[in-house]
file structure_19.txt (compact mmCIF, C-alpha atoms)
# COMPACT_ATOMS: atom_id res chain seq x y z
CA MET A 274 -42.85 73.81 -48.93
CA SER A 275 -45.97 72.38 -47.26
CA GLU A 276 -48.06 69.70 -48.92
CA PRO A 277 -51.38 70.93 -50.38
CA ARG A 278 -54.38 70.08 -48.22
CA PRO A 279 -56.97 67.79 -49.81
CA ALA A 280 -60.12 69.43 -51.17
CA GLN A 281 -63.09 69.37 -48.83
CA GLY A 282 -65.08 67.04 -51.08
CA THR A 283 -62.19 64.60 -51.37
CA GLN A 284 -61.68 64.57 -47.61
CA THR A 285 -65.38 63.95 -46.99
CA LEU A 286 -65.42 61.09 -49.50
CA ALA A 287 -62.36 59.51 -47.89
CA ARG A 288 -63.93 59.77 -44.46
CA GLY A 289 -67.19 58.31 -45.72
CA LEU A 290 -65.42 55.33 -47.27
CA ARG A 291 -63.44 54.79 -44.10
CA ALA A 292 -66.64 54.95 -42.02
CA LEU A 293 -68.22 52.34 -44.30
CA GLU A 294 -65.16 50.15 -43.90
CA LEU A 295 -65.36 50.42 -40.10
CA VAL A 296 -69.02 49.36 -40.13
CA ALA A 297 -68.33 46.46 -42.50
CA GLN A 298 -65.33 45.19 -40.56
CA GLY A 299 -66.89 45.41 -37.10
CA ARG A 300 -68.15 42.13 -35.65
CA ASP A 301 -71.43 43.85 -34.83
CA GLY A 302 -71.20 46.98 -36.93
CA ALA A 303 -70.15 50.26 -35.31
CA THR A 304 -71.61 53.11 -33.30
CA ILE A 305 -71.33 56.81 -34.04
CA GLN A 306 -68.91 57.13 -31.13
CA GLU A 307 -66.70 54.32 -32.42
CA VAL A 308 -66.56 55.85 -35.91
CA SER A 309 -65.88 59.26 -34.37
CA ALA A 310 -62.95 57.87 -32.36
CA GLN A 311 -61.46 55.87 -35.24
CA LEU A 312 -61.66 58.78 -37.69
CA ASP A 313 -60.59 61.31 -35.06
CA VAL A 314 -63.50 63.61 -35.91
CA HIS A 315 -66.27 65.22 -33.88
CA ARG A 316 -69.28 63.06 -33.14
CA SER A 317 -71.50 65.31 -35.27
CA ILE A 318 -69.28 64.70 -38.34
CA ALA A 319 -69.37 60.94 -37.79
CA SER A 320 -73.16 61.13 -37.45
CA ARG A 321 -73.51 63.00 -40.77
CA LEU A 322 -71.25 60.52 -42.54
CA LEU A 323 -73.25 57.55 -41.30
CA ALA A 324 -76.55 59.27 -42.11
CA THR A 325 -75.37 59.82 -45.69
CA LEU A 326 -74.36 56.17 -45.99
CA ALA A 327 -77.75 55.16 -44.59
CA GLU A 328 -79.55 57.28 -47.21
CA ALA A 329 -77.71 55.29 -49.88
CA ARG A 330 -78.73 52.04 -48.11
CA LEU A 331 -75.08 51.14 -47.65
CA VAL A 332 -75.64 50.92 -43.89
CA ILE A 333 -78.68 50.65 -41.64
CA ARG A 334 -79.13 51.83 -38.06
CA GLY A 335 -80.50 49.26 -35.65
CA ALA A 336 -82.72 49.87 -32.64
CA ASP A 337 -79.60 49.59 -30.48
CA GLY A 338 -78.04 52.56 -32.28
CA ARG A 339 -75.39 50.49 -34.01
CA TYR A 340 -74.86 50.80 -37.76
CA ARG A 341 -74.54 47.63 -39.81
CA THR A 342 -74.08 46.97 -43.52
CA GLY A 343 -77.21 47.42 -45.63
CA ALA A 344 -78.74 45.97 -48.77
CA GLY A 345 -77.13 48.62 -50.96
CA LEU A 346 -73.68 47.34 -50.05
CA ALA A 347 -74.71 43.77 -50.85
CA ALA A 348 -75.97 44.88 -54.26
CA LEU A 349 -72.70 46.72 -54.89
CA ALA A 350 -70.70 43.63 -53.93
CA THR A 351 -72.85 41.50 -56.23
CA GLY A 352 -72.07 43.80 -59.14
CA ILE A 353 -68.34 43.68 -58.43
CA HIS A 354 -68.43 39.90 -58.16
CA ALA A 355 -70.31 39.69 -61.46
CA THR A 356 -67.57 41.71 -63.16
CA LEU A 357 -64.90 39.46 -61.70
CA ARG A 358 -66.74 36.29 -62.73
CA ALA A 359 -67.32 37.58 -66.27
CA ALA A 360 -63.59 38.15 -66.70
CA ALA A 361 -62.55 34.87 -65.08
CA GLU A 362 -64.99 32.18 -66.20
CA PRO A 363 -64.01 31.93 -69.92
CA VAL A 364 -60.37 31.49 -68.89
CA MET A 365 -61.36 29.03 -66.16
CA ARG A 366 -63.23 26.85 -68.68
CA GLU A 367 -60.15 26.68 -70.90
CA LEU A 368 -57.98 25.87 -67.91
CA ALA A 369 -60.30 23.13 -66.60
CA ALA A 370 -60.43 21.51 -70.06
CA GLU A 371 -56.66 21.73 -70.59
CA LEU A 372 -55.72 20.26 -67.22
CA GLY A 373 -58.70 17.94 -66.75
CA ALA A 374 -59.29 19.26 -63.24
CA THR A 375 -61.73 21.43 -61.34
CA VAL A 376 -60.83 25.12 -61.30
CA SER A 377 -62.35 27.65 -58.92
CA LEU A 378 -62.26 31.39 -58.32
CA LEU A 379 -62.06 32.40 -54.67
CA VAL A 380 -62.15 35.79 -53.00
CA ASP A 381 -60.87 37.10 -49.69
CA GLU A 382 -63.73 37.90 -47.30
CA GLY A 383 -62.29 38.94 -43.96
CA SER A 384 -60.86 35.78 -42.41
CA GLU A 385 -62.22 33.35 -45.00
CA ALA A 386 -61.68 32.24 -48.60
CA VAL A 387 -65.03 32.09 -50.40
CA ALA A 388 -65.66 30.28 -53.71
CA LEU A 389 -67.18 32.69 -56.22
CA ALA A 390 -67.22 30.31 -59.21
CA VAL A 391 -66.43 26.63 -59.77
CA ILE A 392 -65.78 25.09 -63.20
CA GLU A 393 -65.50 21.33 -63.70
CA PRO A 394 -63.66 19.84 -66.69
CA PRO A 395 -65.86 18.70 -69.60
CA ALA A 396 -66.17 15.04 -70.59
CA SER A 397 -64.22 13.87 -67.60
CA GLY A 398 -64.64 10.94 -65.25
CA TYR A 399 -64.57 11.36 -61.49
CA VAL A 400 -63.61 14.89 -60.51
CA LEU A 401 -63.34 16.85 -57.29
CA SER A 402 -65.93 19.55 -56.90
CA PHE A 403 -67.61 21.87 -54.42
CA ARG A 404 -70.30 24.51 -54.51
CA SER A 405 -70.01 28.21 -55.18
CA GLY A 406 -70.32 29.91 -51.81
CA SER A 407 -68.22 27.30 -50.03
CA ARG A 408 -65.77 28.83 -47.61
CA HIS A 409 -62.82 27.91 -45.45
CA PRO A 410 -60.36 29.83 -43.24
CA LEU A 411 -57.58 31.86 -44.82
CA GLY A 412 -54.20 30.24 -44.36
CA ARG A 413 -55.64 26.78 -44.98
CA GLY A 414 -55.40 25.11 -48.38
CA SER A 415 -53.76 26.50 -51.50
CA ALA A 416 -56.43 29.17 -52.05
CA GLY A 417 -56.32 30.44 -48.47
CA ILE A 418 -52.54 30.69 -48.59
CA ALA A 419 -52.55 32.38 -52.01
CA LEU A 420 -55.05 35.00 -50.81
CA LEU A 421 -52.87 35.79 -47.79
CA ALA A 422 -49.84 35.96 -50.09
CA ALA A 423 -51.64 38.61 -52.15
CA ARG A 424 -51.61 40.87 -49.10
CA PRO A 425 -48.54 42.91 -48.08
CA PRO A 426 -46.04 41.01 -45.91
CA SER A 427 -46.87 41.06 -42.20
CA PRO A 428 -44.73 40.33 -39.12
CA GLY A 429 -44.98 36.73 -37.99
CA GLU A 430 -46.78 35.45 -41.08
CA ALA A 431 -46.58 31.74 -41.85
CA ASP A 432 -43.61 30.50 -43.88
CA ASP A 433 -45.87 28.98 -46.54
CA VAL A 434 -47.48 32.38 -47.14
CA THR A 435 -44.06 34.02 -47.58
CA ALA A 436 -42.96 31.24 -49.93
CA ALA A 437 -46.14 31.55 -51.99
CA ARG A 438 -45.62 35.29 -52.37
CA GLU A 439 -42.04 34.77 -53.55
CA ARG A 440 -42.84 32.14 -56.18
CA GLY A 441 -46.24 33.51 -57.21
CA TYR A 442 -48.40 30.52 -56.27
CA ALA A 443 -49.30 28.18 -53.39
CA ALA A 444 -49.36 24.39 -53.44
CA THR A 445 -50.79 22.13 -50.72
CA TYR A 446 -51.86 18.54 -50.15
CA GLY A 447 -54.85 17.33 -48.16
CA GLU A 448 -55.50 20.56 -46.24
CA VAL A 449 -59.12 21.12 -47.29
CA GLU A 450 -60.06 17.90 -49.09
CA PRO A 451 -58.33 14.73 -47.80
CA GLY A 452 -56.03 13.24 -50.41
CA ALA A 453 -56.39 16.18 -52.80
CA TYR A 454 -53.71 18.42 -54.24
CA GLY A 455 -54.34 22.15 -54.50
CA VAL A 456 -52.52 24.79 -56.53
CA ALA A 457 -53.56 28.45 -56.44
CA ALA A 458 -52.34 31.70 -57.99
CA PRO A 459 -53.53 35.14 -56.82
CA LEU A 460 -54.82 37.65 -59.34
CA ALA A 461 -53.05 41.00 -59.54
CA SER A 462 -54.80 43.65 -57.46
CA ALA A 463 -57.23 45.88 -59.35
CA GLU A 464 -59.03 48.95 -58.08
CA GLY A 465 -62.51 48.16 -56.81
CA VAL A 466 -62.05 44.39 -57.14
CA PRO A 467 -61.69 42.10 -54.10
CA THR A 468 -58.53 40.09 -53.61
CA ALA A 469 -59.00 36.87 -55.58
CA CYS A 470 -57.17 33.77 -56.73
CA LEU A 471 -57.50 30.91 -59.19
CA ASN A 472 -57.43 27.49 -57.54
CA LEU A 473 -57.05 24.00 -58.99
CA ILE A 474 -57.90 20.81 -57.10
CA THR A 475 -57.08 17.28 -58.21
CA TYR A 476 -56.29 13.80 -56.92
CA ARG A 477 -53.66 13.40 -59.63
CA PRO A 478 -50.14 14.40 -58.52
CA GLU A 479 -48.86 14.74 -62.10
CA VAL A 480 -51.56 17.36 -62.82
CA ALA A 481 -50.71 19.32 -59.69
CA GLU A 482 -46.99 19.23 -60.47
CA SER A 483 -47.49 20.67 -63.96
CA ALA A 484 -50.28 23.13 -63.15
CA ALA A 485 -48.41 26.15 -61.79
CA PRO A 486 -47.15 27.73 -65.07
CA VAL A 487 -50.55 27.30 -66.74
CA LEU A 488 -52.34 28.65 -63.69
CA LEU A 489 -50.04 31.68 -63.48
CA ALA A 490 -50.59 32.49 -67.15
CA ALA A 491 -54.36 32.20 -66.69
CA ALA A 492 -54.27 34.48 -63.64
CA GLU A 493 -52.34 37.06 -65.65
CA ARG A 494 -54.93 36.96 -68.46
CA ILE A 495 -57.75 37.59 -66.03
CA SER A 496 -55.82 40.32 -64.23
CA ALA A 497 -55.15 42.08 -67.56
CA ALA A 498 -58.87 41.98 -68.38
CA LEU A 499 -59.70 43.69 -65.08
CA ARG A 500 -57.23 46.56 -65.47

call {"tool": "encode", "arguments": {"input": "structure_19.txt", "output": "structure tokens"}}
result
Amino acid sequence: MSEPRPAQGTQTLARGLRALELVAQGRDGATIQEVSAQLDVHRSIASRLLATLAEARLVIRGADGRYRTGAGLAALATGIHATLRAAAEPVMRELAAELGATVSLLVDEGSEAVALAVIEPPASGYVLSFRSGSRHPLGRGSAGIALLAARPPSPGEADDVTAARERGYAATYGEVEPGAYGVAAPLASAEGVPTACLNLITYRPEVAESAAPVLLAAAERISAALR
């Protein structure tokens, strides 16, 4: 018995989302021809898909004919990030106060880990900190490793990524901030929410050594709120 074919509207939506993904992931956007080839559809279909996305301001067409992400997509991402921050920040404040260390929320953006929120512990002395919006390459530091571990396994991936996936968290020393310990736990995937992780940074080894169970429990609380 043959599988039922998807409804026309569903197929069009899927193609439109894939076209948007191709534009967003391209180093310099994408052309109609490139979208046509990747989707394996006629050029006229690719053109209509991109025109529809442009009407919604999700993409814009440049003078060179290439489509790039538009302001509408940025606004959509801002709304998603706001939802993620609203769910995470109350838990992060509790975690920072309990452990006496800086806690951050980072998301996976292509090849980089980007800090979405940073919470410092209250009434504390010298603490490690960095700004929201700070970024560093994936695969570097506890957060970068945790975000890669949240992805499906891939051939040739680093051993520390595989280990982090197996135990549920990543732990590093001195990879982003010299002399600092990092511990990070990925959030469970949720539809419409970017891959994210909770990250703790500290100069105190005893805090880093005891942080994983608390961090994992906090990540689970946030993940449950996003479901």

call {"tool": "closest_atom_pairs", "arguments": {"input": "structure_19.txt", "of": "region 316-412 of chain A", "to": "region 457-478 of chain A", "cutoff": "12 Å", "atoms": "only C-alpha atoms", "output": "JSON lines"}}
result
{"residue": "A:Leu349", "atom": "CA", "partner": "A:Gly465", "partner_atom": "CA", "distance": 10.5}
{"residue": "A:Ala350", "atom": "CA", "partner": "A:Pro467", "partner_atom": "CA", "distance": 9.1}
{"residue": "A:Thr351", "atom": "CA", "partner": "A:Val466", "partner_atom": "CA", "distance": 11.2}
{"residue": "A:Gly352", "atom": "CA", "partner": "A:Val466", "partner_atom": "CA", "distance": 10.2}
{"residue": "A:Ile353", "atom": "CA", "partner": "A:Val466", "partner_atom": "CA", "distance": 6.5}
{"residue": "A:His354", "atom": "CA", "partner": "A:Val466", "partner_atom": "CA", "distance": 7.9}
{"residue": "A:Ala355", "atom": "CA", "partner": "A:Val466", "partner_atom": "CA", "distance": 10.4}
{"residue": "A:Thr356", "atom": "CA", "partner": "A:Val466", "partner_atom": "CA", "distance": 8.6}
{"residue": "A:Leu357", "atom": "CA", "partner": "A:Val466", "partner_atom": "CA", "distance": 7.3}
{"residue": "A:Arg358", "atom": "CA", "partner": "A:Ala469", "partner_atom": "CA", "distance": 10.6}
{"residue": "A:Ala360", "atom": "CA", "partner": "A:Leu460", "partner_atom": "CA", "distance": 11.5}
{"residue": "A:Ala361", "atom": "CA", "partner": "A:Leu471", "partner_atom": "CA", "distance": 8.7}
{"residue": "A:Glu362", "atom": "CA", "partner": "A:Leu471", "partner_atom": "CA", "distance": 10.3}
{"residue": "A:Val364", "atom": "CA", "partner": "A:Leu471", "partner_atom": "CA", "distance": 10.1}
{"residue": "A:Met365", "atom": "CA", "partner": "A:Leu471", "partner_atom": "CA", "distance": 8.2}
{"residue": "A:Arg366", "atom": "CA", "partner": "A:Leu471", "partner_atom": "CA", "distance": 11.8}
{"residue": "A:Leu368", "atom": "CA", "partner": "A:Leu473", "partner_atom": "CA", "distance": 9.2}
{"residue": "A:Ala369", "atom": "CA", "partner": "A:Leu473", "partner_atom": "CA", "distance": 8.3}
{"residue": "A:Ala370", "atom": "CA", "partner": "A:Leu473", "partner_atom": "CA", "distance": 11.8}
{"residue": "A:Glu371", "atom": "CA", "partner": "A:Leu473", "partner_atom": "CA", "distance": 11.8}
{"residue": "A:Leu372", "atom": "CA", "partner": "A:Leu473", "partner_atom": "CA", "distance": 9.1}
{"residue": "A:Gly373", "atom": "CA", "partner": "A:Thr475", "partner_atom": "CA", "distance": 8.7}
{"residue": "A:Ala374", "atom": "CA", "partner": "A:Thr475", "partner_atom": "CA", "distance": 5.8}
{"residue": "A:Thr375", "atom": "CA", "partner": "A:Ile474", "partner_atom": "CA", "distance": 5.7}
{"residue": "A:Val376", "atom": "CA", "partner": "A:Leu473", "partner_atom": "CA", "distance": 4.6}
{"residue": "A:Ser377", "atom": "CA", "partner": "A:Asn472", "partner_atom": "CA", "distance": 5.1}
{"residue": "A:Leu378", "atom": "CA", "partner": "A:Leu471", "partner_atom": "CA", "distance": 4.9}
{"residue": "A:Leu379", "atom": "CA", "partner": "A:Cys470", "partner_atom": "CA", "distance": 5.5}
{"residue": "A:Val380", "atom": "CA", "partner": "A:Ala469", "partner_atom": "CA", "distance": 4.2}
{"residue": "A:Asp381", "atom": "CA", "partner": "A:Thr468", "partner_atom": "CA", "distance": 5.5}
{"residue": "A:Glu382", "atom": "CA", "partner": "A:Pro467", "partner_atom": "CA", "distance": 8.2}
{"residue": "A:Gly383", "atom": "CA", "partner": "A:Thr468", "partner_atom": "CA", "distance": 10.4}
{"residue": "A:Glu385", "atom": "CA", "partner": "A:Thr468", "partner_atom": "CA", "distance": 11.5}
{"residue": "A:Ala386", "atom": "CA", "partner": "A:Ala469", "partner_atom": "CA", "distance": 8.8}
{"residue": "A:Val387", "atom": "CA", "partner": "A:Ala469", "partner_atom": "CA", "distance": 9.3}
{"residue": "A:Ala388", "atom": "CA", "partner": "A:Asn472", "partner_atom": "CA", "distance": 9.5}
{"residue": "A:Leu389", "atom": "CA", "partner": "A:Ala469", "partner_atom": "CA", "distance": 9.2}
{"residue": "A:Ala390", "atom": "CA", "partner": "A:Leu471", "partner_atom": "CA", "distance": 9.7}
{"residue": "A:Val391", "atom": "CA", "partner": "A:Asn472", "partner_atom": "CA", "distance": 9.3}
{"residue": "A:Ile392", "atom": "CA", "partner": "A:Leu473", "partner_atom": "CA", "distance": 9.8}
{"residue": "A:Glu393", "atom": "CA", "partner": "A:Leu473", "partner_atom": "CA", "distance": 10.0}
{"residue": "A:Pro394", "atom": "CA", "partner": "A:Leu473", "partner_atom": "CA", "distance": 11.0}
{"residue": "A:Tyr399", "atom": "CA", "partner": "A:Tyr476", "partner_atom": "CA", "distance": 9.8}
{"residue": "A:Val400", "atom": "CA", "partner": "A:Thr475", "partner_atom": "CA", "distance": 7.3}
{"residue": "A:Leu401", "atom": "CA", "partner": "A:Thr475", "partner_atom": "CA", "distance": 6.3}
{"residue": "A:Ser402", "atom": "CA", "partner": "A:Ile474", "partner_atom": "CA", "distance": 8.1}
{"residue": "A:Phe403", "atom": "CA", "partner": "A:Ile474", "partner_atom": "CA", "distance": 10.1}
{"residue": "A:Leu411", "atom": "CA", "partner": "A:Ala469", "partner_atom": "CA", "distance": 12.0}

call {"tool": "atom_distance", "arguments": {"input": "structure_19.txt", "atom1": "CA of Leu295 (chain A)", "atom2": "CA of Leu420 (chain A)"}}
result
21.4 Å

call {"tool": "residues_around", "arguments": {"input": "structure_19.txt", "residues": "Val314 (chain A)", "least_positions_apart": "3", "cutoff": "12 Å", "atoms": "all atoms listed in the file", "output": "list in words"}}
result
Gln284, Thr285, Arg288, Gly289, Ala292, Ile305, Gln306, Glu307, Val308, Ser309, Ala310, Gln311, Ser317, Ile318, Ala319, Ser320, Arg321 and Leu322 of chain A

call {"tool": "residues_around", "arguments": {"input": "structure_19.txt", "residues": "Arg334 (chain A)", "least_positions_apart": "4", "cutoff": "10 Å", "atoms": "only C-alpha atoms", "output": "PyMOL selection string"}}
result
chain A and resi 302-304+323-324+327+338-343

call {"tool": "atom_distance", "arguments": {"input": "structure_19.txt", "atom1": "CA of Gly455 (chain A)", "atom2": "CA of Glu367 (chain A)"}}
result
18.0 Å

call {"tool": "residues_around", "arguments": {"input": "structure_19.txt", "residues": "Glu439 (chain A)", "least_positions_apart": "3", "cutoff": "12 Å", "atoms": "all atoms listed in the file", "output": "list in words"}}
result
Ala419, Ala422, Ala423, Pro425, Pro426, Asp432, Asp433, Val434, Thr435, Ala436, Tyr442, Ala443, Ala458 and Pro459 of chain A

call {"tool": "write_last_selection", "arguments": {"input": "structure_19.txt", "atoms": "C-alpha atoms", "output": "CSV table (one decimal), keeping the file's coordinate frame"}}
result
chain,number,residue,atom,x,y,z
A,419,ALA,CA,-52.6,32.4,-52.0
A,422,ALA,CA,-49.8,36.0,-50.1
A,423,ALA,CA,-51.6,38.6,-52.2
A,425,PRO,CA,-48.5,42.9,-48.1
A,426,PRO,CA,-46.0,41.0,-45.9
A,432,ASP,CA,-43.6,30.5,-43.9
A,433,ASP,CA,-45.9,29.0,-46.5
A,434,VAL,CA,-47.5,32.4,-47.1
A,435,THR,CA,-44.1,34.0,-47.6
A,436,ALA,CA,-43.0,31.2,-49.9
A,442,TYR,CA,-48.4,30.5,-56.3
A,443,ALA,CA,-49.3,28.2,-53.4
A,458,ALA,CA,-52.3,31.7,-58.0
A,459,PRO,CA,-53.5,35.1,-56.8

call {"tool": "atom_distance", "arguments": {"input": "structure_19.txt", "atom1": "CA of Gly299 (chain A)", "atom2": "CA of Asp337 (chain A)"}}
result
14.9 Å

call {"tool": "residues_near_point", "arguments": {"input": "structure_19.txt", "point": "(-68.8, 47.1, -46.7)", "cutoff": "7 Å", "atoms": "all atoms listed in the file", "output": "PyMOL selection string"}}
result
chain A and resi 293-294+296-297+342+346

call {"tool": "axis_aligned_box", "arguments": {"input": "structure_19.txt", "around": "region 460-469 of chain A", "padding_each_side": "8 Å", "output": "AutoDock Vina command-line options"}}
result
--center_x -57.8 --center_y 42.9 --center_z -56.6 --size_x 25.5 --size_y 28.1 --size_z 21.9

call {"tool": "closest_residue", "arguments": {"input": "structure_19.txt", "among": "A:Tyr446, A:Thr283, A:Pro395, A:Gly429", "to": "Arg413 (chain A)", "atoms": "all atoms listed in the file"}}
result
A:Tyr446

call {"tool": "closest_residue", "arguments": {"input": "structure_19.txt", "among": "A:Ser427, A:Ser483, A:Ser415, A:Thr325", "to": "Val456 (chain A)", "atoms": "all atoms listed in the file"}}
result
A:Ser415

call {"tool": "closest_residue", "arguments": {"input": "structure_19.txt", "among": "A:Gly447, A:Gly412, A:Gly441, A:Gly335", "to": "Pro486 (chain A)", "atoms": "only C-alpha atoms"}}
result
A:Gly441
